[in-house]
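What follows is final.pdb (PDB, C-alpha atoms).
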ATOM      1  CA  MET A   1     -38.524  22.531  -8.261
ATOM      2  CA  LEU A   2     -35.100  21.746  -9.668
ATOM      3  CA  LYS A   3     -35.007  21.722 -13.453
ATOM      4  CA  ASN A   4     -32.942  24.662 -14.667
ATOM      5  CA  VAL A   5     -29.376  24.908 -13.316
ATOM      6  CA  VAL A   6     -26.740  27.515 -14.185
ATOM      7  CA  ALA A   7     -23.086  27.253 -13.176
ATOM      8  CA  VAL A   8     -21.457  30.664 -12.779
ATOM      9  CA  VAL A   9     -17.789  31.099 -13.638
ATOM     10  CA  MET A  10     -15.369  34.016 -13.473
ATOM     11  CA  GLU A  11     -11.824  34.547 -14.645
ATOM     12  CA  GLU A  12      -9.362  32.215 -12.903
ATOM     13  CA  VAL A  13     -12.134  29.657 -12.413
ATOM     14  CA  HIS A  14     -11.028  26.445 -10.701
ATOM     15  CA  PRO A  15     -11.679  23.558 -13.126
ATOM     16  CA  PHE A  16     -12.421  20.889 -10.525
ATOM     17  CA  GLU A  17     -15.113  22.893  -8.785
ATOM     18  CA  LEU A  18     -16.689  23.766 -12.136
ATOM     19  CA  GLY A  19     -16.495  20.069 -12.976
ATOM     20  CA  VAL A  20     -18.475  19.241  -9.834
ATOM     21  CA  ALA A  21     -21.429  21.313 -11.043
ATOM     22  CA  CYS A  22     -21.131  19.852 -14.549
ATOM     23  CA  GLU A  23     -20.932  16.277 -13.263
ATOM     24  CA  VAL A  24     -23.888  16.512 -10.874
ATOM     25  CA  PHE A  25     -26.239  18.614 -13.006
ATOM     26  CA  GLY A  26     -24.832  18.655 -16.540
ATOM     27  CA  LEU A  27     -25.071  14.987 -17.546
ATOM     28  CA  ASP A  28     -28.170  13.332 -18.969
ATOM     29  CA  ARG A  29     -28.790  10.269 -16.808
ATOM     30  CA  SER A  30     -32.386   9.737 -17.914
ATOM     31  CA  ASP A  31     -31.419   6.254 -19.159
ATOM     32  CA  ASP A  32     -31.139   5.366 -15.437
ATOM     33  CA  GLY A  33     -34.503   6.940 -14.662
ATOM     34  CA  LEU A  34     -32.847  10.031 -13.182
ATOM     35  CA  PRO A  35     -33.869  13.619 -13.964
ATOM     36  CA  ALA A  36     -32.172  15.518 -16.766
ATOM     37  CA  TYR A  37     -31.491  19.159 -15.956
ATOM     38  CA  ASP A  38     -31.491  22.125 -18.321
ATOM     39  CA  PHE A  39     -27.876  22.984 -17.541
ATOM     40  CA  ALA A  40     -25.858  25.980 -18.707
ATOM     41  CA  ILE A  41     -22.602  27.781 -17.916
ATOM     42  CA  ALA A  42     -22.680  31.564 -17.610
ATOM     43  CA  GLY A  43     -20.262  34.341 -16.741
ATOM     44  CA  ALA A  44     -20.117  38.103 -16.555
ATOM     45  CA  ARG A  45     -19.773  37.944 -20.348
ATOM     46  CA  PRO A  46     -19.829  35.190 -22.947
ATOM     47  CA  GLY A  47     -16.518  34.061 -24.410
ATOM     48  CA  PRO A  48     -13.222  32.561 -23.260
ATOM     49  CA  HIS A  49     -12.386  32.568 -19.550
ATOM     50  CA  ARG A  50      -9.012  31.685 -18.038
ATOM     51  CA  THR A  51      -8.901  28.834 -15.575
ATOM     52  CA  HIS A  52      -6.784  28.615 -12.465
ATOM     53  CA  ALA A  53      -4.918  25.758 -14.169
ATOM     54  CA  GLY A  54      -3.731  27.861 -17.108
ATOM     55  CA  PHE A  55      -6.063  26.816 -19.926
ATOM     56  CA  THR A  56      -9.204  28.574 -21.135
ATOM     57  CA  ILE A  57     -12.825  27.494 -21.417
ATOM     58  CA  ASP A  58     -15.556  28.918 -23.611
ATOM     59  CA  VAL A  59     -18.494  30.327 -21.645
ATOM     60  CA  PRO A  60     -21.578  30.458 -23.870
ATOM     61  CA  HIS A  61     -23.832  32.714 -21.781
ATOM     62  CA  GLY A  62     -23.739  36.063 -20.026
ATOM     63  CA  PRO A  63     -25.468  36.971 -16.740
ATOM     64  CA  GLU A  64     -28.896  37.161 -18.369
ATOM     65  CA  ARG A  65     -28.998  33.337 -18.372
ATOM     66  CA  LEU A  66     -29.407  33.343 -14.576
ATOM     67  CA  ALA A  67     -32.935  34.731 -14.885
ATOM     68  CA  ALA A  68     -34.354  31.326 -15.879
ATOM     69  CA  ALA A  69     -32.507  29.319 -13.208
ATOM     70  CA  ASP A  70     -34.009  27.319 -10.352
ATOM     71  CA  LEU A  71     -30.486  26.876  -9.013
ATOM     72  CA  VAL A  72     -27.354  28.964  -9.505
ATOM     73  CA  VAL A  73     -24.087  27.195  -8.658
ATOM     74  CA  VAL A  74     -21.282  29.680  -8.069
ATOM     75  CA  THR A  75     -18.038  27.843  -8.689
ATOM     76  CA  ALA A  76     -14.632  28.618  -7.178
ATOM     77  CA  SER A  77     -12.204  31.170  -8.559
ATOM     78  CA  SER A  78      -9.226  33.140  -7.315
ATOM     79  CA  LEU A  79     -10.119  35.698  -4.650
ATOM     80  CA  ARG A  80     -10.449  39.288  -5.828
ATOM     81  CA  GLY A  81     -11.254  42.654  -4.369
ATOM     82  CA  ALA A  82     -14.236  43.298  -6.611
ATOM     83  CA  TYR A  83     -16.638  41.068  -8.513
ATOM     84  CA  PRO A  84     -18.354  41.869 -11.838
ATOM     85  CA  ALA A  85     -21.364  44.073 -11.096
ATOM     86  CA  PRO A  86     -23.608  42.569 -13.815
ATOM     87  CA  LEU A  87     -23.051  39.112 -12.358
ATOM     88  CA  LEU A  88     -23.788  40.267  -8.808
ATOM     89  CA  ASP A  89     -26.983  41.960  -9.994
ATOM     90  CA  ALA A  90     -28.044  38.769 -11.766
ATOM     91  CA  LEU A  91     -27.305  36.663  -8.663
ATOM     92  CA  ARG A  92     -29.415  38.921  -6.451
ATOM     93  CA  ALA A  93     -32.258  38.982  -8.961
ATOM     94  CA  ALA A  94     -32.232  35.200  -9.324
ATOM     95  CA  VAL A  95     -32.508  34.601  -5.569
ATOM     96  CA  GLU A  96     -35.123  37.330  -5.177
ATOM     97  CA  GLY A  97     -37.050  35.604  -7.958
ATOM     98  CA  GLY A  98     -37.131  32.297  -6.080
ATOM     99  CA  ALA A  99     -33.953  30.519  -7.197
ATOM    100  CA  ARG A 100     -31.516  28.879  -4.820
ATOM    101  CA  ALA A 101     -27.828  29.766  -4.840
ATOM    102  CA  LEU A 102     -25.114  27.245  -4.016
ATOM    103  CA  SER A 103     -21.436  28.126  -3.771
ATOM    104  CA  ILE A 104     -18.474  25.796  -3.944
ATOM    105  CA  CYS A 105     -15.289  26.766  -2.083
ATOM    106  CA  SER A 106     -14.359  30.415  -2.747
ATOM    107  CA  GLY A 107     -17.590  30.936  -4.679
ATOM    108  CA  ALA A 108     -18.983  32.077  -1.322
ATOM    109  CA  PHE A 109     -17.130  35.375  -1.768
ATOM    110  CA  ALA A 110     -19.211  36.189  -4.840
ATOM    111  CA  LEU A 111     -22.384  35.463  -2.878
ATOM    112  CA  GLY A 112     -21.091  37.718  -0.124
ATOM    113  CA  ALA A 113     -20.301  40.489  -2.597
ATOM    114  CA  ALA A 114     -23.868  40.197  -3.894
ATOM    115  CA  GLY A 115     -25.200  40.708  -0.368
ATOM    116  CA  LEU A 116     -26.665  37.209  -0.215
ATOM    117  CA  LEU A 117     -24.800  36.173   2.944
ATOM    118  CA  GLU A 118     -25.965  39.091   5.103
ATOM    119  CA  GLY A 119     -27.486  37.726   8.310
ATOM    120  CA  ARG A 120     -26.912  34.145   7.197
ATOM    121  CA  ARG A 121     -24.707  31.243   8.215
ATOM    122  CA  ALA A 122     -22.096  30.268   5.642
ATOM    123  CA  THR A 123     -18.843  28.437   5.063
ATOM    124  CA  THR A 124     -16.028  28.201   2.550
ATOM    125  CA  HIS A 125     -12.682  26.426   2.282
ATOM    126  CA  TRP A 126     -10.978  26.421   5.689
ATOM    127  CA  ARG A 127      -8.090  28.501   4.302
ATOM    128  CA  TYR A 128     -10.484  31.356   3.507
ATOM    129  CA  THR A 129     -12.951  31.343   6.390
ATOM    130  CA  ALA A 130     -11.173  34.118   8.324
ATOM    131  CA  GLU A 131     -11.115  36.305   5.203
ATOM    132  CA  LEU A 132     -14.804  35.664   4.527
ATOM    133  CA  ALA A 133     -15.659  36.625   8.113
ATOM    134  CA  ALA A 134     -13.533  39.775   7.855
ATOM    135  CA  ARG A 135     -15.203  40.877   4.627
ATOM    136  CA  HIS A 136     -18.715  40.092   5.833
ATOM    137  CA  PRO A 137     -19.017  40.726   9.577
ATOM    138  CA  ARG A 138     -22.803  40.248   9.495
ATOM    139  CA  THR A 139     -22.328  36.682   8.269
ATOM    140  CA  THR A 140     -21.884  33.827  10.744
ATOM    141  CA  VAL A 141     -19.003  31.913   9.191
ATOM    142  CA  GLU A 142     -18.755  28.273  10.268
ATOM    143  CA  PRO A 143     -15.152  27.222   9.584
ATOM    144  CA  ASP A 144     -15.238  23.504  10.410
ATOM    145  CA  VAL A 145     -18.169  22.145   8.404
ATOM    146  CA  LEU A 146     -18.586  20.653   4.935
ATOM    147  CA  TYR A 147     -21.562  22.781   3.937
ATOM    148  CA  VAL A 148     -24.228  25.048   5.374
ATOM    149  CA  ASP A 149     -27.825  25.080   4.161
ATOM    150  CA  ASP A 150     -29.355  28.453   5.065
ATOM    151  CA  ASP A 151     -32.151  28.196   2.537
ATOM    152  CA  PRO A 152     -32.210  29.523  -0.163
ATOM    153  CA  VAL A 153     -28.418  29.904   0.064
ATOM    154  CA  ILE A 154     -26.144  26.882   0.407
ATOM    155  CA  THR A 155     -22.391  27.325   0.858
ATOM    156  CA  SER A 156     -19.786  24.580   0.862
ATOM    157  CA  ALA A 157     -16.140  24.065   1.647
ATOM    158  CA  GLY A 158     -13.433  23.072  -0.796
ATOM    159  CA  THR A 159     -13.442  20.513  -3.583
ATOM    160  CA  ALA A 160     -15.280  17.322  -2.566
ATOM    161  CA  ALA A 161     -17.502  19.205  -0.112
ATOM    162  CA  GLY A 162     -19.072  20.801  -3.181
ATOM    163  CA  ILE A 163     -20.211  17.338  -4.271
ATOM    164  CA  ASP A 164     -21.708  16.796  -0.818
ATOM    165  CA  ALA A 165     -23.603  20.095  -0.960
ATOM    166  CA  CYS A 166     -24.954  19.425  -4.458
ATOM    167  CA  LEU A 167     -26.133  15.928  -3.521
ATOM    168  CA  HIS A 168     -27.631  17.302  -0.300
ATOM    169  CA  LEU A 169     -29.708  19.751  -2.315
ATOM    170  CA  VAL A 170     -30.778  17.056  -4.791
ATOM    171  CA  ARG A 171     -31.817  14.854  -1.868
ATOM    172  CA  LYS A 172     -33.706  17.713  -0.256
ATOM    173  CA  LEU A 173     -35.639  18.665  -3.380
ATOM    174  CA  GLN A 174     -35.903  15.385  -5.278
ATOM    175  CA  GLY A 175     -35.482  12.635  -2.715
ATOM    176  CA  ALA A 176     -32.847  10.239  -1.480
ATOM    177  CA  GLU A 177     -33.270   7.797  -4.365
ATOM    178  CA  VAL A 178     -32.360  10.421  -6.974
ATOM    179  CA  ALA A 179     -29.350  11.543  -4.923
ATOM    180  CA  ARG A 180     -28.216   7.943  -4.530
ATOM    181  CA  GLY A 181     -28.584   7.323  -8.260
ATOM    182  CA  ILE A 182     -26.425  10.309  -9.154
ATOM    183  CA  ALA A 183     -23.864   9.380  -6.499
ATOM    184  CA  ARG A 184     -23.744   5.819  -7.810
ATOM    185  CA  ARG A 185     -22.951   7.049 -11.324
ATOM    186  CA  MET A 186     -20.290   9.386  -9.918
ATOM    187  CA  VAL A 187     -18.898   6.633  -7.642
ATOM    188  CA  VAL A 188     -19.022   8.871  -4.571
ATOM    189  CA  ALA A 189     -20.614   8.601  -1.147
ATOM    190  CA  PRO A 190     -24.328   9.423  -1.434
ATOM    191  CA  HIS A 191     -24.455  11.420   1.770
ATOM    192  CA  ARG A 192     -22.139  13.222   4.160
ATOM    193  CA  GLU A 193     -23.726  15.485   6.720
ATOM    194  CA  GLY A 194     -22.903  19.164   6.469
ATOM    195  CA  GLY A 195     -21.823  19.309  10.097
ATOM    196  CA  GLN A 196     -18.900  16.968   9.605
ATOM    197  CA  ALA A 197     -15.389  18.343   9.802
ATOM    198  CA  GLN A 198     -13.873  19.756   6.601
ATOM    199  CA  PHE A 199     -10.731  17.697   6.966
ATOM    200  CA  VAL A 200     -10.998  14.120   8.240
ATOM    201  CA  HIS A 201      -7.710  12.913   9.673
ATOM    202  CA  ARG A 202      -6.583   9.464   8.516
ATOM    203  CA  PRO A 203      -3.406   8.775  10.483
ATOM    204  CA  LEU A 204      -1.286   5.652  10.161
ATOM    205  CA  PRO A 205      -3.087   2.716  11.792
ATOM    206  CA  GLU A 206      -2.469   2.251  15.486
ATOM    207  CA  GLY A 207      -1.560  -1.112  16.937
ATOM    208  CA  ASP A 208      -4.232  -3.320  15.432
ATOM    209  CA  GLY A 209      -3.793  -1.790  11.958
ATOM    210  CA  GLU A 210      -7.475  -2.304  11.131
ATOM    211  CA  SER A 211      -9.807   0.128   9.366
ATOM    212  CA  LEU A 212     -13.312   0.589  10.730
ATOM    213  CA  ALA A 213     -14.796  -0.028   7.264
ATOM    214  CA  PRO A 214     -15.962  -3.599   8.092
ATOM    215  CA  LEU A 215     -17.622  -2.346  11.267
ATOM    216  CA  LEU A 216     -19.365   0.480   9.401
ATOM    217  CA  ASP A 217     -20.681  -2.048   6.911
ATOM    218  CA  TRP A 218     -21.943  -4.232   9.785
ATOM    219  CA  MET A 219     -23.642  -1.216  11.379
ATOM    220  CA  ARG A 220     -25.407  -0.362   8.098
ATOM    221  CA  HIS A 221     -26.860  -3.881   8.012
ATOM    222  CA  HIS A 222     -27.983  -3.792  11.666
ATOM    223  CA  LEU A 223     -29.575  -0.353  11.921
ATOM    224  CA  ASP A 224     -32.556  -1.810  13.775
ATOM    225  CA  GLU A 225     -30.303  -2.954  16.614
ATOM    226  CA  GLU A 226     -29.305  -0.722  19.507
ATOM    227  CA  SER A 227     -25.547  -0.833  20.059
ATOM    228  CA  THR A 228     -23.616   1.123  22.668
ATOM    229  CA  VAL A 229     -20.165   2.565  22.102
ATOM    230  CA  GLU A 230     -18.848  -0.093  24.459
ATOM    231  CA  GLN A 231     -20.414  -2.880  22.372
ATOM    232  CA  LEU A 232     -19.157  -1.435  19.101
ATOM    233  CA  ALA A 233     -15.680  -0.966  20.544
ATOM    234  CA  ALA A 234     -15.647  -4.583  21.673
ATOM    235  CA  ARG A 235     -16.421  -5.767  18.132
ATOM    236  CA  VAL A 236     -13.176  -4.187  16.903
ATOM    237  CA  HIS A 237     -11.200  -5.053  20.052
ATOM    238  CA  MET A 238     -10.646  -1.454  21.167
ATOM    239  CA  SER A 239     -11.251   0.429  24.347
ATOM    240  CA  PRO A 240     -14.287   2.757  24.146
ATOM    241  CA  ARG A 241     -12.018   5.804  24.265
ATOM    242  CA  THR A 242      -9.750   4.574  21.451
ATOM    243  CA  PHE A 243     -12.788   3.536  19.421
ATOM    244  CA  ALA A 244     -14.478   6.929  19.772
ATOM    245  CA  ARG A 245     -11.275   8.694  18.704
ATOM    246  CA  ARG A 246     -10.735   6.370  15.734
ATOM    247  CA  PHE A 247     -14.376   6.706  14.649
ATOM    248  CA  GLN A 248     -14.071  10.492  14.628
ATOM    249  CA  GLN A 249     -10.845  10.253  12.633
ATOM    250  CA  GLU A 250     -12.282   7.938   9.990
ATOM    251  CA  THR A 251     -15.791   9.388   9.598
ATOM    252  CA  GLY A 252     -15.553  12.978  10.830
ATOM    253  CA  THR A 253     -18.413  12.482  13.284
ATOM    254  CA  THR A 254     -19.482  10.491  16.359
ATOM    255  CA  PRO A 255     -20.915   6.943  16.341
ATOM    256  CA  HIS A 256     -24.306   8.214  17.525
ATOM    257  CA  ARG A 257     -24.559  10.965  14.924
ATOM    258  CA  TRP A 258     -23.370   8.617  12.168
ATOM    259  CA  LEU A 259     -26.007   6.035  13.121
ATOM    260  CA  ILE A 260     -28.791   8.626  13.152
ATOM    261  CA  GLY A 261     -27.754   9.773   9.685
ATOM    262  CA  GLN A 262     -27.715   6.221   8.302
ATOM    263  CA  ARG A 263     -31.080   5.431   9.884
ATOM    264  CA  LEU A 264     -32.600   8.541   8.343
ATOM    265  CA  LEU A 265     -31.251   7.586   4.922
ATOM    266  CA  LEU A 266     -32.917   4.175   5.257
ATOM    267  CA  ALA A 267     -36.145   5.805   6.447
ATOM    268  CA  GLN A 268     -36.145   8.131   3.429
ATOM    269  CA  ARG A 269     -35.703   5.197   1.072
ATOM    270  CA  LEU A 270     -38.530   3.226   2.711
ATOM    271  CA  LEU A 271     -40.860   6.226   2.721
ATOM    272  CA  GLU A 272     -40.196   6.715  -0.971
ATOM    273  CA  SER A 273     -40.500   3.133  -2.115
ATOM    274  CA  THR A 274     -42.866   1.263   0.245
ATOM    275  CA  THR A 275     -46.371   1.601   1.653
ATOM    276  CA  GLU A 276     -45.312   0.571   5.155
ATOM    277  CA  PRO A 277     -46.784   2.618   8.009
ATOM    278  CA  VAL A 278     -44.438   5.116   9.625
ATOM    279  CA  ASP A 279     -44.396   3.079  12.863
ATOM    280  CA  ALA A 280     -43.132   0.017  10.969
ATOM    281  CA  ILE A 281     -40.505   2.058   9.158
ATOM    282  CA  ALA A 282     -39.373   3.576  12.455
ATOM    283  CA  ALA A 283     -38.881   0.096  13.901
ATOM    284  CA  ARG A 284     -36.992  -1.166  10.840
ATOM    285  CA  CYS A 285     -34.652   1.811  10.996
ATOM    286  CA  GLY A 286     -33.861   1.532  14.683
ATOM    287  CA  PHE A 287     -35.897   4.511  15.899
ATOM    288  CA  GLY A 288     -38.355   2.336  17.821
ATOM    289  CA  ASN A 289     -41.506   4.337  17.175
ATOM    290  CA  ALA A 290     -42.975   6.992  14.904
ATOM    291  CA  ALA A 291     -42.575   9.779  17.476
ATOM    292  CA  THR A 292     -38.812   9.281  17.666
ATOM    293  CA  LEU A 293     -38.562   9.108  13.869
ATOM    294  CA  ARG A 294     -40.564  12.341  13.554
ATOM    295  CA  HIS A 295     -38.281  14.020  16.067
ATOM    296  CA  HIS A 296     -35.089  13.176  14.162
ATOM    297  CA  PHE A 297     -36.707  13.835  10.782
ATOM    298  CA  GLY A 298     -37.674  17.312  11.925
ATOM    299  CA  ARG A 299     -34.252  18.107  13.402
ATOM    300  CA  ARG A 300     -32.194  16.880  10.447
ATOM    301  CA  LEU A 301     -34.505  17.355   7.452
ATOM    302  CA  GLY A 302     -36.881  20.098   8.541
ATOM    303  CA  THR A 303     -40.041  18.147   7.669
ATOM    304  CA  THR A 304     -42.151  15.195   8.810
ATOM    305  CA  PRO A 305     -42.066  11.620   7.508
ATOM    306  CA  LEU A 306     -45.571  11.941   6.062
ATOM    307  CA  ALA A 307     -44.824  15.243   4.344
ATOM    308  CA  TYR A 308     -41.663  13.720   2.905
ATOM    309  CA  ARG A 309     -43.588  10.690   1.638
ATOM    310  CA  ARG A 310     -46.198  12.877  -0.049
ATOM    311  CA  CYS A 311     -43.479  14.824  -1.852
ATOM    312  CA  PHE A 312     -41.103  12.062  -2.880
ATOM    313  CA  ALA A 313     -42.885   8.707  -2.764
ATOM    314  CA  GLU A 314     -43.515   6.526  -5.764
ATOM    315  CA  PRO A 315     -47.236   6.580  -6.689
ATOM    316  CA  ALA A 316     -48.095   3.396  -4.777
ATOM    317  CA  ALA A 317     -46.375   4.613  -1.628
ATOM    318  CA  ALA A 318     -47.783   8.123  -1.749
ATOM    319  CA  VAL A 319     -51.194   6.938  -0.577
ATOM    320  CA  ALA A 320     -49.761   5.334   2.555
ATOM    321  CA  ASP A 321     -50.208   8.279   4.866
ATOM    322  CA  ARG A 322     -50.927   6.293   7.982
ATOM    323  CA  VAL A 323     -49.309   7.418  11.184
TER     324      VAL A 323
END

Is it possible to express this structure as structure tokens?
Amino acid sequence: MLKNVVAVVMEEVHPFELGVACEVFGLDRSDDGLPAYDFAIAGARPGPHRTHAGFTIDVPHGPERLAAADLVVVTASSLRGAYPAPLLDALRAAVEGGARALSICSGAFALGAAGLLEGRRATTHWRYTAELAARHPRTTVEPDVLYVDDDPVITSAGTAAGIDACLHLVRKLQGAEVARGIARRMVVAPHREGGQAQFVHRPLPEGDGESLAPLLDWMRHHLDEESTVEQLAARVHMSPRTFARRFQQETGTTPHRWLIGQRLLLAQRLLESTTEPVDAIAARCGFGNAATLRHHFGRRLGTTPLAYRRCFAEPAAAVADRV
């Protein structure tokens, strides 16, 4: 269920991070066949709030608005020693009532102050991870990832990682096609795995001066083929060691992990939109057989291909529950 979304702001709110929540959940894209969310902005009190950039925004709702939310997005703001008690109470009550909470950047500190990170894994902007760990010693802070999904609490790193976390949650609850549609309208990548590094180094080109973008495009169109690192390196005229280093620099992950992620995205799309048996989909995506697809589906997505199809498939595909 993802219909009612509330973005939470505080004084010194960061406009970009608030804009992420507004862009993903606050626009009506029903003309593209995408869901329209009941979106609202709430704070500790209604009225004008200062932004980190020096201007003010008008917040129409107080903390009571969180009671109706399926998702509460806690946006970034300047760090503070104490957070508004009515807002913390509303956050706790929302999660206890079945809502999910997602923080962007320093919004994780408000979740921590509300007690929602106790015993959980979490992240925030790399500049603040040590402070988050110091304030909340019972939280396992992961400093080098884009986002952490410890359901029902999702925390993300700075700026663009908030987009990744929001699209991850949309994909999880409403399917890959919806997430891709929103990403297409936003002109952003539809999927980056949470375990990727927060900062992806893009140094000046070495020697050959070539980006790996053409190779990545080739790999996306040949997901059913098995390619070793040595074979991929040869396609771009690099040694395997140089290739592996460059791949990590440009994508933030390894060739194997990147391929698995792309194959799963294709599998999700085929499960949603076709009636092909799972074995056939596994072969098309490069997994070989249904057992291997189930293994990776379970590890990355926490479900099975058939369960995913039943939840997210178009009506014609939903009946194709053959193994």

**OP:** Any chance you could resolve the PyMOL selection byres ((chain A and resi 75) around 7) against this file and give the residues as a PyMOL selection string?
**Re:** chain A and resi 7-9+17-18+73-74+76-77+103-104+107

**OP:** Work out how far apart CA of Asn4 (chain A) and CA of Ala68 (chain A) are and give it in Å to one decimal.
**Re:** 6.9 Å

Original post:
What residues come out when you apply the PyMOL selection byres ((chain A and resi 165-168) around 8) to this file, written as a PyMOL selection string?
Top reply: chain A and resi 21+24+102+146-147+154-156+161-164+169-172+179+182-183+190-191+194

With 8 Å on each side, where is the centre of the axis-aligned box around all listed atoms of region 281-285 of chain A, and how long are its edges in Å to one decimal, as JSON?
{"center_x": -37.6, "center_y": 1.2, "center_z": 11.5, "size_x": 21.9, "size_y": 20.7, "size_z": 20.7}

**OP:** Give as a PyMOL selection string the residues that the PyMOL selection byres ((chain A and resi 27) around 10) matches when applied to the coordinates above.
**Re:** chain A and resi 21-26+28-30+35-39+182

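Distance-wise, CA of Pro214 (chain A) and CA of Glu250 (chain A) end up 12.3 Å apart.
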
Subject >> Residue contacts of Ala67 (chain A) (10 Å, all atoms listed in the file) excluding same-chain residues fewer than 3 positions away, as a list in words >> reply: Val6, Pro63, Glu64, Asp70, Val72, Ala90, Leu91, Ala93, Ala94, Val95, Gly97 and Ala99 of chain A

Convert the current residue selection to file output with C-alpha atoms, as a PDB file, in the coordinates of the input.
ATOM      1  CA  VAL A   6     -26.740  27.515 -14.185  1.00  0.00           C
ATOM      2  CA  PRO A  63     -25.468  36.971 -16.740  1.00  0.00           C
ATOM      3  CA  GLU A  64     -28.896  37.161 -18.369  1.00  0.00           C
ATOM      4  CA  ASP A  70     -34.009  27.319 -10.352  1.00  0.00           C
ATOM      5  CA  VAL A  72     -27.354  28.964  -9.505  1.00  0.00           C
ATOM      6  CA  ALA A  90     -28.044  38.769 -11.766  1.00  0.00           C
ATOM      7  CA  LEU A  91     -27.305  36.663  -8.663  1.00  0.00           C
ATOM      8  CA  ALA A  93     -32.258  38.982  -8.961  1.00  0.00           C
ATOM      9  CA  ALA A  94     -32.232  35.200  -9.324  1.00  0.00           C
ATOM     10  CA  VAL A  95     -32.508  34.601  -5.569  1.00  0.00           C
ATOM     11  CA  GLY A  97     -37.050  35.604  -7.958  1.00  0.00           C
ATOM     12  CA  ALA A  99     -33.953  30.519  -7.197  1.00  0.00           C
TER      13      ALA A  99
END

Show which residues sit within 8 Å of Glu12 (chain A), as a short mmCIF file (atom, residue, chain, number, x, y, z; two decimals) with C-alpha atoms, in the frame of the given file. Count all atoms listed in the file, and ignore same-chain residues fewer than 6 positions away.
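Resulting contents of part_39.cif:
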data_model
loop_
_atom_site.label_atom_id
_atom_site.label_comp_id
_atom_site.auth_asym_id
_atom_site.auth_seq_id
_atom_site.Cartn_x
_atom_site.Cartn_y
_atom_site.Cartn_z
CA HIS A 49 -12.39 32.57 -19.55
CA ARG A 50 -9.01 31.68 -18.04
CA THR A 51 -8.90 28.83 -15.58
CA HIS A 52 -6.78 28.62 -12.46
CA ALA A 53 -4.92 25.76 -14.17
CA SER A 77 -12.20 31.17 -8.56
CA SER A 78 -9.23 33.14 -7.32
#

**OP:** Pull the neighbourhood of (-36.4, 0.3, -0.4) for me: all residues within 12 Å in file coordinates, counting all atoms listed in the file, as a PyMOL selection string.
**Re:** chain A and resi 176-177+180+265-276+281+284-285+313-314+317

**OP:** Quote the spacing between CA of Gly33 (chain A) and CA of Val188 (chain A) in Å to one decimal place.
**Re:**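 The value is 18.6 Å.
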
Original post:
Which of these residues is nearest to Leu34 (chain A), using all atoms listed in the file: A:Pro60, A:Arg185, A:Gly119, A:Ile260?
Top reply: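 Using all atoms listed in the file, Leu34 (chain A) sits closest to A:Arg185.
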
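Each of A:His14, A:Val5, A:Ile57, A:Pro84 was compared to Ala69 (chain A) using only C-alpha atoms, and A:Val5 turns out to be the nearest.
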
Subject >> Selection: 9 Å around Thr304 (chain A), only C-alpha atoms, excl. self and same-chain fewer than 4 positions, as a ChimeraX atom specification >> reply: /A:293-295,297-298,308-309

Subject >> For Asp31 (chain A), the nearest of the candidates A:Gly181, A:Ala110, A:Asp58, A:Arg257, counting all atoms listed in the file >> reply: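 Among the listed residues, A:Gly181 lies closest to Asp31 (chain A).
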
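Take the candidates A:Ser106, A:Gln262, A:Thr292, A:Thr123 and check each one against Val153 (chain A) using all atoms listed in the file; the shortest distance goes to A:Thr123.
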
Excluding Cys311 (chain A) and any residue of its chain fewer than 3 positions from it, enumerate the residues within 9 Å of it, using all atoms listed in the file, and give them as a JSON list (two decimals) with C-alpha atoms, in the frame of the given file.
[["chain", "number", "residue", "atom", "x", "y", "z"],
["A", 173, "LEU", "CA", -35.64, 18.66, -3.38],
["A", 174, "GLN", "CA", -35.90, 15.38, -5.28],
["A", 175, "GLY", "CA", -35.48, 12.64, -2.72],
["A", 272, "GLU", "CA", -40.20, 6.72, -0.97],
["A", 306, "LEU", "CA", -45.57, 11.94, 6.06],
["A", 307, "ALA", "CA", -44.82, 15.24, 4.34],
["A", 308, "TYR", "CA", -41.66, 13.72, 2.90],
["A", 318, "ALA", "CA", -47.78, 8.12, -1.75]]

Subject >> Nearest candidate to Thr242 (chain A) (options A:Met10, A:Ala82, A:Leu264, A:Leu212; using only C-alpha atoms) >> reply: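 Of the candidates, the smallest distance to Thr242 (chain A) is held by A:Leu212.
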
Subject >> Selected residue, from A:Val20, A:Leu2, A:Val278, A:Leu216, that lies nearest to Gly158 (chain A) when counting only C-alpha atoms >> reply: A:Val20
